[in-house]
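A.B. asks: Shown below is the structure under consideration.
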Amino acid sequence: MAEEKRPFQGLKVLDFTWGGVGPFQGNFLAYYGAMVVRIESGLRPDVTRQGGNINPKALEKHAEELKDPRKRLEFGPAFAVTHPVKKYGMSLNLNNPKAVEIFKKLAKWADVFVESFTMGTLEKWGLGWEDLHKINPRLIMQRTNGYGHTGSMASQPGYGQTVTSLTGFYTITGWPDRLPVPISSFYTDHLSPLFGGLALMAAIDYQQRTGEGQCIDQSQIESGINYLAPLVLDYSANGRELALRGNSSPCAAPHGAYRCQGEDRWVAITVQTDQEWTSFCRVVGNPPWTKDIKFATLDGRIKNSAELDRYVNQWTEKHTAEQVMTLLQHQGVAAGVVATAQDSEADPQLAAYDFFHEIEHPYLGKQKFFHPPAFTLSDAKAELHRPVFLGEHTEYICKKVLGIPAADYDIMKKEGVFD
Amino acid sequence: MLSSYRVLDLTNEKGFLCGKALGDFGADVIKIEKPGGEPDRNKAPFYHDQADPEKSLYWFAFNANKKSITLDIETADGREIFKRLVKTADVVIESFAPGYLDKIGLGYSVLSQINPGIILTSISGFGQKGPYRDYNDRDLAVWALSGYMYITGEPDRPPLAPSYSHAHLIGAMNGAIGTMVALAQRRLTGRGQTVDAVSHQGLCFAISIETKVPWALQKINVSREGRERMRIFAKDGTVKIPLLWPCKDGSIAFFFWVGPNFIKHNESLVQWIRDSGVDPGLLGTWDWAKEGWNKYTMEEVKQIRGTLETFFMKHTKMELHEGAMQYRIQLTPVLAPKDLLEFPLFKERNYWREIDHPELGTKITYPGGFVKPGVGDCGVRFRAPLIGEHNGEIYQDEMKMSAEDIVNLKQRRII
């Protein structure tokens with residue numbers, strides 16, 4: 001593997017983001033060689049550093065340290081398992097004017113600035129686009145928030161749970177006789193960084209060719225709706241809304257989750273073509289019902305899917321979900337274990353891609369982190385690293401990157417600039 | 001921003017969005033279809049329900065901003081034409097079964113000899129390697145293995161998949177990002193490479209905070225909870241409350257956060273409930289700065305839930321939306337595409353795009369760009385191509401094939 005040059009080597013990124021969406025966009029750059037400085041505040045910590053999911057291992061080993069509320073932030077859920085990325089940590093209390101000056105120096109140093117606050121937050125400190133563009137005309141400023149940076153909702157904070165509601169995603173899953181249910185609690189939080197990350201890289205590509213900076217306005221709901229484009233077109237052209245069908249499909253049968261051996265164990269199966277149906281019948285042993293004329297065509301199987309589902313369940317019940325998946329897949333029929341988190345941890349396919357990547361963590365010991373880029377490049381490996389601590393590199397950044405004299409640094413530290 | 005790049009797009013529905021997303025930033029994306037058209041043009045829904053490969057709304061949605069040529073790359077002459085196209089291209093995107101391009105003699109080793117800078121982006125359900133590589137990666141199988149199905153639906157029924165299946169979109173988006181990383185590296189090295197983008201991994205990461213974190217840290221397997229997605233640790237046990245709540249004319253999303261970041265938020269919520277003439281009950285005496293859910297018994301949590309239900313049922317979803325804006329509450333109306341098209345914010349931001357479809361004699365409304373960049377445009381500029389619409393432009397004008405050659409290739413069903 002030729003690795004003499006990392007994709008984003010030399011790129012300097014200032015990352016002032018929080019929560020789910022913002023940090024992931026800068027993560028993409030950090031995995032592939034950019035130097036990313038992450039600004040945080042200990043006085044208003046990132047929500048994903050907080051919360052109740054503390055590793056019991058850490059509770060046991062570090063009971064004393066965990067009493068210190070600031071130390072406790074190093075154990076928060078996201079920072080314990082989903083941010084395995086090398087960033088430089090810097091803490092700043094921007095209510096102190098000297099901290100604002102330091103921020104401006106960093107904005108001048110950086111090629112890219114990623115932020116995820118509601119409109120007006122940065123402006124309050126004099127750090128809006130107009131201000132920073134003057135300081136550094138080639139800067140890319142990537143802004144992401146729930147509802148965009150213009151319009152009547154620009155200053156409304158948006159968490160994934162509520163943002164998702166304004167994309168249509170809470171209306172696509174359900175049984176015909178019940179109200180729709182959510183797919184997950186903050187679905188768009190993991191789609192927005194893909195759209196935002198792509199925009200960011202397009203802007204970097206353009207900047208490297210032309211030297212031009214720009215401000216990118218990402219409204220997470222506007223990104224999310226792009227995923228549902230066919231439904232928008234269906235309404236716009238046909239006036240039709242999506243009908244909720246439970247697990248049945250207009251183009252496949254059997255189609256859905258089937259009961260397997262064990263408690264709450266299921267396998268998903270979908271059979272579309274006649275060839276797949278023939279293979280399916282062979283795997284289940286060609287019992288008489290498979291020869292019933294009403295199942296001979298796809299249309300017939302769809303029309304009689306309720307009856308078909310009963311037969312399929314009678315067969316799957318006698319096997320484990322893993323057995324059914326393997327038997328069917330080896331004959332080319334699409335099937336998958338309805339996986340729990342525990343199943344995923346043991347998934348051999350994920351293991352083949354090193355999805356659960358073990359990293360030594362000073363507090364947690366050997367800890368499995370999730371390998372976030374869902375793509376593998378032949379010539380560039382994603383560089384994984386334990387999550388950054390709050391303000392871990394404040395002194396290094398001040399002295400070595402910004403060239404602030406030691407005496408000035410000490411004074412500012414006493415004045416609470418780095419809280 | 002990306003208009004200097006040419007992308008050859010060989011994908012089926014698994015990869016449509018990848019080229020479309022690059023095209024939204026101006027990349028020159030050429031869809032290469034089998035003579036007769038890409039089979040996934042037959043995916044519903046259709047314009048006015050007319051099943052026709054030129055009328056699939058699914059095709060329109062994810063193939064706008066692309067050109068189309070027809071070419072049978074399984075024939076020797078077709079392969080040679082494809083190789084000529086690769087010479088001047090930057091990226092090839094494909095979503096065939098893993099190994100297919102190698103088998104027909106168009107794998108990366110062949111393409112990179114023709115053009116060392118070429119980037120080959122492969123999009124698949126499970127990946128180009130590993131024990132599931134050759135598995136049938138239909139949407140539902142990938143979705144189930146990702147973990148989303150197990151946690152969706154109701155406790156008294158089987159796990160549930162969406163009625164709008166979209167598992168492969170995440171692999172396509174990761175393919176677009178991987179392509180950009182490869183282009184960044186090519187600027188430094190001059191060399192292309194392969195990108196292996198995988199929907200299974202994308203979904204497994206997307207779900208990680210919700211299910212894999214509780215498992216990794218506390219050995220809790222999150223299961224199906226219907227609309228009740230919030231687990232409350234009360235004084236005497238665990239009880240769930242909803243994420244989606246019914247209101248007068250539909251549903252709203254409200255996730256009841258408590259904690260240091262939500263003191264003002266929750267005080268304001270109580271004020272709103274009072275102002276609308278509902279007795280806030282226990283909410284009215286809650287000291288948000290000091291007390292958490294564990295102050296209350298499960299029975300009291302149910303009372304609190306009852307207060308909220310009464311309050312929400314008094315109002316329509318848009319009344320609640322307006323109140324939420326005024327009181328700055330994390331509450332949003334649950335909207336379907338129909339409601340989204342009417343939602344005021346999108347009009348204020350000039351979000352929707354009316355795209356001309358001259359063949360249908362109409363305009364269709366499309367979602368706007370996924371960001372608003374400062375340079376150039378992001379979003380749909382022109383409708384998806386007709387089958388082989390740009391054969392003339394590419395084969396004649398650009399590759400200088402003679403009219404005779406083209407007739408000959410057409411007769412042999414190569415183009």
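Just remember, in the structure tokens the first chain shown is A, the second B, etc., residues are 1-based per chain, and ligands are 1-based in the order shown.
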I want to know what sits within 7 Å of range 126-128 of chain B, based on only C-alpha atoms, with residues of the same chain fewer than 2 positions away left out; could you give that as a list in words?
C.D. replies: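 The filter keeps Pro98, Ser124, Tyr132, Arg133, Asp137, Asp196, Ala197, Val198, Ser199 and His200 of chain B.
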A.B. asks: Give the strand (DSSP E) residues of range 232-279 of chain B, as assigned by DSSP on the backbone, as an NGL selection string.
C.D. replies: :B and (232-234 or 237-241 or 244-247 or 250-254)
A.B. asks: Just want the 10 Å neighbourhood of Asp77 in chain B, counted on only C-alpha atoms, with same-chain residues fewer than 6 positions away dropped. Output as JSON, numbers by chain.
C.D. replies: {"B": [71, 83, 409, 412, 414, 415]}
A.B. asks: Please list as a PyMOL selection string every residue within 7 Å of range 140-151 of chain B, counting only C-alpha atoms and excluding residues in the same chain fewer than 2 positions away.
C.D. replies: (chain A and resi 183+268-270+334-341) or (chain B and resi 125+137-138+153+159-161+167+200+203-204+207+222-224)
A.B. asks: Write the selection just made, keeping N, CA and C atoms, as a PDB file, in the first residue's frame?
C.D. replies:
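Saved file part.pdb follows:
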```pdb
ATOM      1  N   ILE A 183     -37.966   4.921  12.598  1.00  0.00           N
ATOM      2  CA  ILE A 183     -36.949   3.901  12.322  1.00  0.00           C
ATOM      3  C   ILE A 183     -35.917   3.904  13.444  1.00  0.00           C
ATOM      4  N   ALA A 268     -34.857 -11.944   8.082  1.00  0.00           N
ATOM      5  CA  ALA A 268     -35.552 -11.239   6.995  1.00  0.00           C
ATOM      6  C   ALA A 268     -35.297 -11.998   5.697  1.00  0.00           C
ATOM      7  N   ILE A 269     -36.363 -12.197   4.937  1.00  0.00           N
ATOM      8  CA  ILE A 269     -36.251 -12.904   3.656  1.00  0.00           C
ATOM      9  C   ILE A 269     -36.989 -12.076   2.609  1.00  0.00           C
ATOM     10  N   THR A 270     -36.428 -11.981   1.427  1.00  0.00           N
ATOM     11  CA  THR A 270     -37.165 -11.368   0.321  1.00  0.00           C
ATOM     12  C   THR A 270     -36.929 -12.164  -0.961  1.00  0.00           C
ATOM     13  N   ALA A 334     -31.994 -13.692  -1.102  1.00  0.00           N
ATOM     14  CA  ALA A 334     -31.642 -12.628  -0.159  1.00  0.00           C
ATOM     15  C   ALA A 334     -32.267 -12.893   1.203  1.00  0.00           C
ATOM     16  N   ALA A 335     -31.418 -13.010   2.213  1.00  0.00           N
ATOM     17  CA  ALA A 335     -31.877 -13.226   3.580  1.00  0.00           C
ATOM     18  C   ALA A 335     -30.834 -12.647   4.518  1.00  0.00           C
ATOM     19  N   GLY A 336     -31.293 -12.167   5.656  1.00  0.00           N
ATOM     20  CA  GLY A 336     -30.353 -11.614   6.634  1.00  0.00           C
ATOM     21  C   GLY A 336     -30.911 -11.781   8.029  1.00  0.00           C
ATOM     22  N   VAL A 337     -30.040 -12.115   8.960  1.00  0.00           N
ATOM     23  CA  VAL A 337     -30.453 -12.174  10.363  1.00  0.00           C
ATOM     24  C   VAL A 337     -30.963 -10.787  10.759  1.00  0.00           C
ATOM     25  N   VAL A 338     -32.097 -10.736  11.461  1.00  0.00           N
ATOM     26  CA  VAL A 338     -32.565  -9.454  12.011  1.00  0.00           C
ATOM     27  C   VAL A 338     -31.684  -9.189  13.230  1.00  0.00           C
ATOM     28  N   ALA A 339     -30.617  -8.457  13.001  1.00  0.00           N
ATOM     29  CA  ALA A 339     -29.504  -8.438  13.949  1.00  0.00           C
ATOM     30  C   ALA A 339     -29.759  -7.515  15.126  1.00  0.00           C
ATOM     31  N   THR A 340     -29.364  -7.968  16.300  1.00  0.00           N
ATOM     32  CA  THR A 340     -29.302  -7.117  17.479  1.00  0.00           C
ATOM     33  C   THR A 340     -27.900  -6.509  17.518  1.00  0.00           C
ATOM     34  N   ALA A 341     -27.689  -5.586  18.440  1.00  0.00           N
ATOM     35  CA  ALA A 341     -26.351  -5.010  18.588  1.00  0.00           C
ATOM     36  C   ALA A 341     -25.344  -6.111  18.922  1.00  0.00           C
TER      37      ALA A 341
ATOM     38  N   GLY B 125     -23.904  -3.868  -1.204  1.00  0.00           N
ATOM     39  CA  GLY B 125     -24.552  -4.050   0.083  1.00  0.00           C
ATOM     40  C   GLY B 125     -23.589  -4.492   1.159  1.00  0.00           C
ATOM     41  N   ASP B 137     -27.596  -9.071  -2.028  1.00  0.00           N
ATOM     42  CA  ASP B 137     -27.648  -7.890  -1.151  1.00  0.00           C
ATOM     43  C   ASP B 137     -28.887  -7.026  -1.402  1.00  0.00           C
ATOM     44  N   ARG B 138     -30.016  -7.666  -1.633  1.00  0.00           N
ATOM     45  CA  ARG B 138     -31.265  -6.889  -1.735  1.00  0.00           C
ATOM     46  C   ARG B 138     -31.448  -6.067  -0.476  1.00  0.00           C
ATOM     47  N   GLY B 153     -40.596  -0.970  15.052  1.00  0.00           N
ATOM     48  CA  GLY B 153     -41.867  -1.675  15.128  1.00  0.00           C
ATOM     49  C   GLY B 153     -42.338  -1.768  16.564  1.00  0.00           C
ATOM     50  N   PRO B 159     -40.367  -7.551  13.906  1.00  0.00           N
ATOM     51  CA  PRO B 159     -39.566  -6.389  13.515  1.00  0.00           C
ATOM     52  C   PRO B 159     -40.055  -5.858  12.173  1.00  0.00           C
ATOM     53  N   LEU B 160     -39.865  -4.564  11.969  1.00  0.00           N
ATOM     54  CA  LEU B 160     -40.520  -3.887  10.855  1.00  0.00           C
ATOM     55  C   LEU B 160     -39.502  -3.138   9.992  1.00  0.00           C
ATOM     56  N   ALA B 161     -39.701  -3.239   8.667  1.00  0.00           N
ATOM     57  CA  ALA B 161     -38.856  -2.479   7.732  1.00  0.00           C
ATOM     58  C   ALA B 161     -39.676  -1.325   7.159  1.00  0.00           C
ATOM     59  N   ALA B 167     -32.086   1.294   1.947  1.00  0.00           N
ATOM     60  CA  ALA B 167     -30.826   0.871   2.580  1.00  0.00           C
ATOM     61  C   ALA B 167     -29.606   1.233   1.729  1.00  0.00           C
ATOM     62  N   HIS B 200     -24.037  -1.831   4.249  1.00  0.00           N
ATOM     63  CA  HIS B 200     -24.094  -2.535   5.538  1.00  0.00           C
ATOM     64  C   HIS B 200     -23.297  -1.787   6.602  1.00  0.00           C
ATOM     65  N   LEU B 203     -24.884   1.720   7.493  1.00  0.00           N
ATOM     66  CA  LEU B 203     -26.040   1.617   8.396  1.00  0.00           C
ATOM     67  C   LEU B 203     -25.604   1.193   9.793  1.00  0.00           C
ATOM     68  N   CYS B 204     -24.645   0.269   9.872  1.00  0.00           N
ATOM     69  CA  CYS B 204     -24.169  -0.178  11.189  1.00  0.00           C
ATOM     70  C   CYS B 204     -23.551   0.982  11.959  1.00  0.00           C
ATOM     71  N   ILE B 207     -26.436   3.496  13.159  1.00  0.00           N
ATOM     72  CA  ILE B 207     -27.248   3.039  14.288  1.00  0.00           C
ATOM     73  C   ILE B 207     -26.414   2.914  15.572  1.00  0.00           C
ATOM     74  N   VAL B 222     -30.963  -3.060  22.774  1.00  0.00           N
ATOM     75  CA  VAL B 222     -32.144  -2.222  22.541  1.00  0.00           C
ATOM     76  C   VAL B 222     -33.108  -2.988  21.638  1.00  0.00           C
ATOM     77  N   SER B 223     -34.392  -2.931  21.956  1.00  0.00           N
ATOM     78  CA  SER B 223     -35.371  -3.696  21.189  1.00  0.00           C
ATOM     79  C   SER B 223     -36.469  -2.779  20.654  1.00  0.00           C
ATOM     80  N   ARG B 224     -37.566  -3.375  20.173  1.00  0.00           N
ATOM     81  CA  ARG B 224     -38.650  -2.594  19.568  1.00  0.00           C
ATOM     82  C   ARG B 224     -39.482  -1.900  20.637  1.00  0.00           C
TER      83      ARG B 224
END
```
A.B. asks: Could you check which of B:Pro116, B:Gly361, B:Gly306, B:Pro242 is closest to Val278 in chain B, using only C-alpha atoms?
C.D. replies: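 That would be B:Gly306, the residue with the smallest distance to Val278 in chain B.
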A.B. asks: Give me every helix (DSSP H, G or I) residue in range 164-284 of chain B, going by DSSP on the backbone, as an mmCIF file with N, CA and C atoms, in the first residue's frame.
C.D. replies:
```
data_model
loop_
_atom_site.group_PDB
_atom_site.id
_atom_site.type_symbol
_atom_site.label_atom_id
_atom_site.label_comp_id
_atom_site.auth_asym_id
_atom_site.auth_seq_id
_atom_site.Cartn_x
_atom_site.Cartn_y
_atom_site.Cartn_z
ATOM 1 N N LEU B 169 -28.983 3.716 -0.254
ATOM 2 C CA LEU B 169 -28.606 5.122 -0.452
ATOM 3 C C LEU B 169 -27.355 5.479 0.358
ATOM 4 N N ILE B 170 -27.217 4.837 1.516
ATOM 5 C CA ILE B 170 -26.082 5.203 2.379
ATOM 6 C C ILE B 170 -24.763 4.704 1.781
ATOM 7 N N GLY B 171 -24.794 3.558 1.099
ATOM 8 C CA GLY B 171 -23.587 3.083 0.418
ATOM 9 C C GLY B 171 -23.219 4.020 -0.724
ATOM 10 N N ALA B 172 -24.252 4.489 -1.430
ATOM 11 C CA ALA B 172 -24.009 5.408 -2.554
ATOM 12 C C ALA B 172 -23.402 6.724 -2.060
ATOM 13 N N MET B 173 -23.917 7.245 -0.947
ATOM 14 C CA MET B 173 -23.356 8.501 -0.416
ATOM 15 C C MET B 173 -21.925 8.301 0.071
ATOM 16 N N ASN B 174 -21.670 7.159 0.712
ATOM 17 C CA ASN B 174 -20.295 6.880 1.126
ATOM 18 C C ASN B 174 -19.386 6.718 -0.083
ATOM 19 N N GLY B 175 -19.937 6.206 -1.173
ATOM 20 C CA GLY B 175 -19.167 6.105 -2.405
ATOM 21 C C GLY B 175 -18.766 7.484 -2.914
ATOM 22 N N ALA B 176 -19.691 8.442 -2.813
ATOM 23 C CA ALA B 176 -19.390 9.804 -3.273
ATOM 24 C C ALA B 176 -18.294 10.434 -2.409
ATOM 25 N N ILE B 177 -18.360 10.227 -1.102
ATOM 26 C CA ILE B 177 -17.338 10.803 -0.223
ATOM 27 C C ILE B 177 -15.993 10.117 -0.440
ATOM 28 N N GLY B 178 -16.025 8.790 -0.538
ATOM 29 C CA GLY B 178 -14.784 8.051 -0.794
ATOM 30 C C GLY B 178 -14.129 8.515 -2.086
ATOM 31 N N THR B 179 -14.957 8.787 -3.095
ATOM 32 C CA THR B 179 -14.443 9.284 -4.374
ATOM 33 C C THR B 179 -13.733 10.627 -4.188
ATOM 34 N N MET B 180 -14.336 11.495 -3.377
ATOM 35 C CA MET B 180 -13.710 12.807 -3.140
ATOM 36 C C MET B 180 -12.379 12.661 -2.400
ATOM 37 N N VAL B 181 -12.308 11.715 -1.449
ATOM 38 C CA VAL B 181 -11.042 11.490 -0.740
ATOM 39 C C VAL B 181 -9.996 10.991 -1.739
ATOM 40 N N ALA B 182 -10.407 10.094 -2.629
ATOM 41 C CA ALA B 182 -9.473 9.563 -3.627
ATOM 42 C C ALA B 182 -9.014 10.666 -4.584
ATOM 43 N N LEU B 183 -9.930 11.572 -4.947
ATOM 44 C CA LEU B 183 -9.530 12.700 -5.820
ATOM 45 C C LEU B 183 -8.534 13.605 -5.100
ATOM 46 N N ALA B 184 -8.737 13.792 -3.790
ATOM 47 C CA ALA B 184 -7.807 14.629 -3.018
ATOM 48 C C ALA B 184 -6.417 14.003 -3.025
ATOM 49 N N GLN B 185 -6.368 12.680 -2.852
ATOM 50 C CA GLN B 185 -5.059 12.027 -2.854
ATOM 51 C C GLN B 185 -4.439 12.049 -4.250
ATOM 52 N N ARG B 186 -5.260 11.924 -5.269
ATOM 53 C CA ARG B 186 -4.735 11.949 -6.636
ATOM 54 C C ARG B 186 -4.059 13.281 -6.951
ATOM 55 N N ARG B 187 -4.592 14.352 -6.361
ATOM 56 C CA ARG B 187 -3.958 15.657 -6.589
ATOM 57 C C ARG B 187 -2.503 15.653 -6.118
ATOM 58 N N LEU B 188 -2.212 14.842 -5.092
ATOM 59 C CA LEU B 188 -0.858 14.788 -4.555
ATOM 60 C C LEU B 188 0.008 13.730 -5.227
ATOM 61 N N THR B 189 -0.621 12.643 -5.668
ATOM 62 C CA THR B 189 0.180 11.515 -6.172
ATOM 63 C C THR B 189 0.048 11.314 -7.678
ATOM 64 N N SER B 199 -23.051 -0.369 2.027
ATOM 65 C CA SER B 199 -24.260 0.068 2.742
ATOM 66 C C SER B 199 -24.355 -0.550 4.141
ATOM 67 N N HIS B 200 -24.037 -1.831 4.249
ATOM 68 C CA HIS B 200 -24.094 -2.535 5.538
ATOM 69 C C HIS B 200 -23.297 -1.787 6.602
ATOM 70 N N GLN B 201 -22.071 -1.406 6.265
ATOM 71 C CA GLN B 201 -21.243 -0.690 7.238
ATOM 72 C C GLN B 201 -21.785 0.704 7.517
ATOM 73 N N GLY B 202 -22.287 1.370 6.490
ATOM 74 C CA GLY B 202 -22.833 2.715 6.679
ATOM 75 C C GLY B 202 -23.992 2.697 7.663
ATOM 76 N N LEU B 203 -24.884 1.720 7.493
ATOM 77 C CA LEU B 203 -26.040 1.617 8.396
ATOM 78 C C LEU B 203 -25.604 1.193 9.793
ATOM 79 N N CYS B 204 -24.645 0.269 9.872
ATOM 80 C CA CYS B 204 -24.169 -0.178 11.189
ATOM 81 C C CYS B 204 -23.551 0.982 11.959
ATOM 82 N N PHE B 205 -22.880 1.872 11.237
ATOM 83 C CA PHE B 205 -22.341 3.038 11.940
ATOM 84 C C PHE B 205 -23.454 4.002 12.322
ATOM 85 N N ALA B 206 -24.403 4.207 11.408
ATOM 86 C CA ALA B 206 -25.485 5.164 11.685
ATOM 87 C C ALA B 206 -26.278 4.768 12.930
ATOM 88 N N SER B 208 -25.115 3.144 15.449
ATOM 89 C CA SER B 208 -24.217 2.768 16.547
ATOM 90 C C SER B 208 -24.543 3.451 17.871
ATOM 91 N N ILE B 209 -24.802 4.757 17.849
ATOM 92 C CA ILE B 209 -25.009 5.446 19.126
ATOM 93 C C ILE B 209 -26.269 4.920 19.803
ATOM 94 N N GLU B 210 -27.267 4.595 18.993
ATOM 95 C CA GLU B 210 -28.532 4.179 19.580
ATOM 96 C C GLU B 210 -28.506 2.750 20.128
ATOM 97 N N THR B 211 -27.806 1.843 19.485
ATOM 98 C CA THR B 211 -27.862 0.447 19.959
ATOM 99 C C THR B 211 -26.500 -0.134 20.329
ATOM 100 N N LYS B 212 -25.478 0.220 19.564
ATOM 101 C CA LYS B 212 -24.199 -0.448 19.805
ATOM 102 C C LYS B 212 -23.499 0.135 21.022
ATOM 103 N N VAL B 213 -23.774 1.408 21.318
ATOM 104 C CA VAL B 213 -23.187 1.993 22.526
ATOM 105 C C VAL B 213 -23.789 1.350 23.779
ATOM 106 N N PRO B 214 -25.129 1.268 23.904
ATOM 107 C CA PRO B 214 -25.684 0.581 25.087
ATOM 108 C C PRO B 214 -25.175 -0.864 25.208
ATOM 109 N N TRP B 215 -24.976 -1.522 24.072
ATOM 110 C CA TRP B 215 -24.471 -2.892 24.142
ATOM 111 C C TRP B 215 -23.008 -2.910 24.591
ATOM 112 N N ALA B 216 -22.192 -2.071 23.959
ATOM 113 C CA ALA B 216 -20.758 -2.074 24.277
ATOM 114 C C ALA B 216 -20.524 -1.688 25.740
ATOM 115 N N LEU B 217 -21.292 -0.741 26.235
ATOM 116 C CA LEU B 217 -21.002 -0.223 27.571
ATOM 117 C C LEU B 217 -21.792 -0.918 28.669
ATOM 118 N N GLN B 218 -23.036 -1.290 28.380
ATOM 119 C CA GLN B 218 -23.865 -1.819 29.468
ATOM 120 C C GLN B 218 -24.496 -3.173 29.167
ATOM 121 N N PRO B 260 -28.686 19.730 32.702
ATOM 122 C CA PRO B 260 -28.165 21.096 32.809
ATOM 123 C C PRO B 260 -28.391 21.945 31.552
ATOM 124 N N ASN B 261 -28.373 21.316 30.361
ATOM 125 C CA ASN B 261 -28.556 22.103 29.134
ATOM 126 C C ASN B 261 -30.021 22.447 28.874
ATOM 127 N N PHE B 262 -30.936 21.911 29.683
ATOM 128 C CA PHE B 262 -32.358 22.057 29.368
ATOM 129 C C PHE B 262 -33.164 22.754 30.468
ATOM 130 N N ILE B 263 -32.492 23.459 31.356
ATOM 131 C CA ILE B 263 -33.197 24.132 32.456
ATOM 132 C C ILE B 263 -34.144 25.198 31.900
ATOM 133 N N LYS B 264 -33.580 26.085 31.081
ATOM 134 C CA LYS B 264 -34.403 27.168 30.507
ATOM 135 C C LYS B 264 -35.503 26.588 29.619
ATOM 136 N N HIS B 265 -35.108 25.594 28.850
ATOM 137 C CA HIS B 265 -36.035 24.947 27.924
ATOM 138 C C HIS B 265 -37.265 24.428 28.673
ATOM 139 N N ASN B 266 -37.042 23.746 29.769
ATOM 140 C CA ASN B 266 -38.159 23.122 30.475
ATOM 141 C C ASN B 266 -38.986 24.134 31.271
ATOM 142 N N GLU B 267 -38.337 25.184 31.759
ATOM 143 C CA GLU B 267 -39.106 26.264 32.402
ATOM 144 C C GLU B 267 -40.058 26.891 31.390
ATOM 145 N N SER B 268 -39.524 27.078 30.189
ATOM 146 C CA SER B 268 -40.323 27.690 29.131
ATOM 147 C C SER B 268 -41.478 26.779 28.718
ATOM 148 N N LEU B 269 -41.231 25.491 28.727
ATOM 149 C CA LEU B 269 -42.277 24.509 28.391
ATOM 150 C C LEU B 269 -43.444 24.612 29.381
ATOM 151 N N VAL B 270 -43.110 24.697 30.668
ATOM 152 C CA VAL B 270 -44.145 24.787 31.704
ATOM 153 C C VAL B 270 -44.959 26.077 31.514
ATOM 154 N N GLN B 271 -44.241 27.151 31.197
ATOM 155 C CA GLN B 271 -44.916 28.433 30.953
ATOM 156 C C GLN B 271 -45.929 28.304 29.803
ATOM 157 N N TRP B 272 -45.483 27.641 28.745
ATOM 158 C CA TRP B 272 -46.329 27.448 27.558
ATOM 159 C C TRP B 272 -47.598 26.640 27.924
ATOM 160 N N ILE B 273 -47.389 25.573 28.699
ATOM 161 C CA ILE B 273 -48.524 24.738 29.101
ATOM 162 C C ILE B 273 -49.515 25.574 29.920
ATOM 163 N N ARG B 274 -48.979 26.351 30.866
ATOM 164 C CA ARG B 274 -49.830 27.232 31.686
ATOM 165 C C ARG B 274 -50.579 28.233 30.814
ATOM 166 N N ASP B 275 -49.816 28.898 29.909
ATOM 167 C CA ASP B 275 -50.406 29.948 29.065
ATOM 168 C C ASP B 275 -51.550 29.394 28.201
ATOM 169 N N GLY B 281 -49.508 20.448 36.552
ATOM 170 C CA GLY B 281 -49.365 19.361 37.535
ATOM 171 C C GLY B 281 -47.955 19.278 38.081
ATOM 172 N N LEU B 282 -47.392 18.076 38.091
ATOM 173 C CA LEU B 282 -46.047 17.863 38.656
ATOM 174 C C LEU B 282 -44.970 18.651 37.909
ATOM 175 N N LEU B 283 -45.211 18.913 36.618
ATOM 176 C CA LEU B 283 -44.224 19.691 35.848
ATOM 177 C C LEU B 283 -44.050 21.083 36.459
ATOM 178 N N GLY B 284 -45.140 21.591 37.052
ATOM 179 C CA GLY B 284 -45.122 22.942 37.602
ATOM 180 C C GLY B 284 -44.259 23.078 38.848
#
```
A.B. asks: Using only C-alpha atoms, determine which residues lie at most 10 Å from Phe28 in chain A, disregarding the query and same-chain residues fewer than 3 positions distant; provide the list as a PyMOL selection string.
C.D. replies: (chain A and resi 8+23-25+31-34+85+193-194+197-198+200-201+372-373+382) or (chain B and resi 177-178+181)
A.B. asks: With only C-alpha atoms as the atoms that count, which of B:Pro344, B:Gly369, B:Gly379, B:Pro162 lies nearest to Pro180 in chain A?
C.D. replies: B:Pro162
A.B. asks: Please determine, counting only C-alpha atoms, which residue among A:Gly26, A:Gly10, A:Gly126, A:Pro230 has the shortest atom-to-atom distance to chain B.
C.D. replies: A:Pro230
A.B. asks: Can you tell me, as a VMD selection string, what residues are no more than 8 Å from range 203-206 of chain A when counting only C-alpha atoms, ignoring any on the same chain fewer than 2 positions away?
C.D. replies: (chain A and resid 112 140 199 to 201 208 to 214) or (chain B and resid 1 to 2 184)
A.B. asks: Please measure the separation of CA of Trp175 in chain A and CA of Asp139 in chain B, giving the value in Å to one decimal.
C.D. replies: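 Taking CA of Trp175 in chain A and CA of Asp139 in chain B, their separation equals 19.1 Å.
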A.B. asks: Closest to chain A among B:Lys67, B:Arg353, B:Arg84, B:His390, using only C-alpha atoms?
C.D. replies: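 With only C-alpha atoms as the atom set, the closest residue is B:Arg353.
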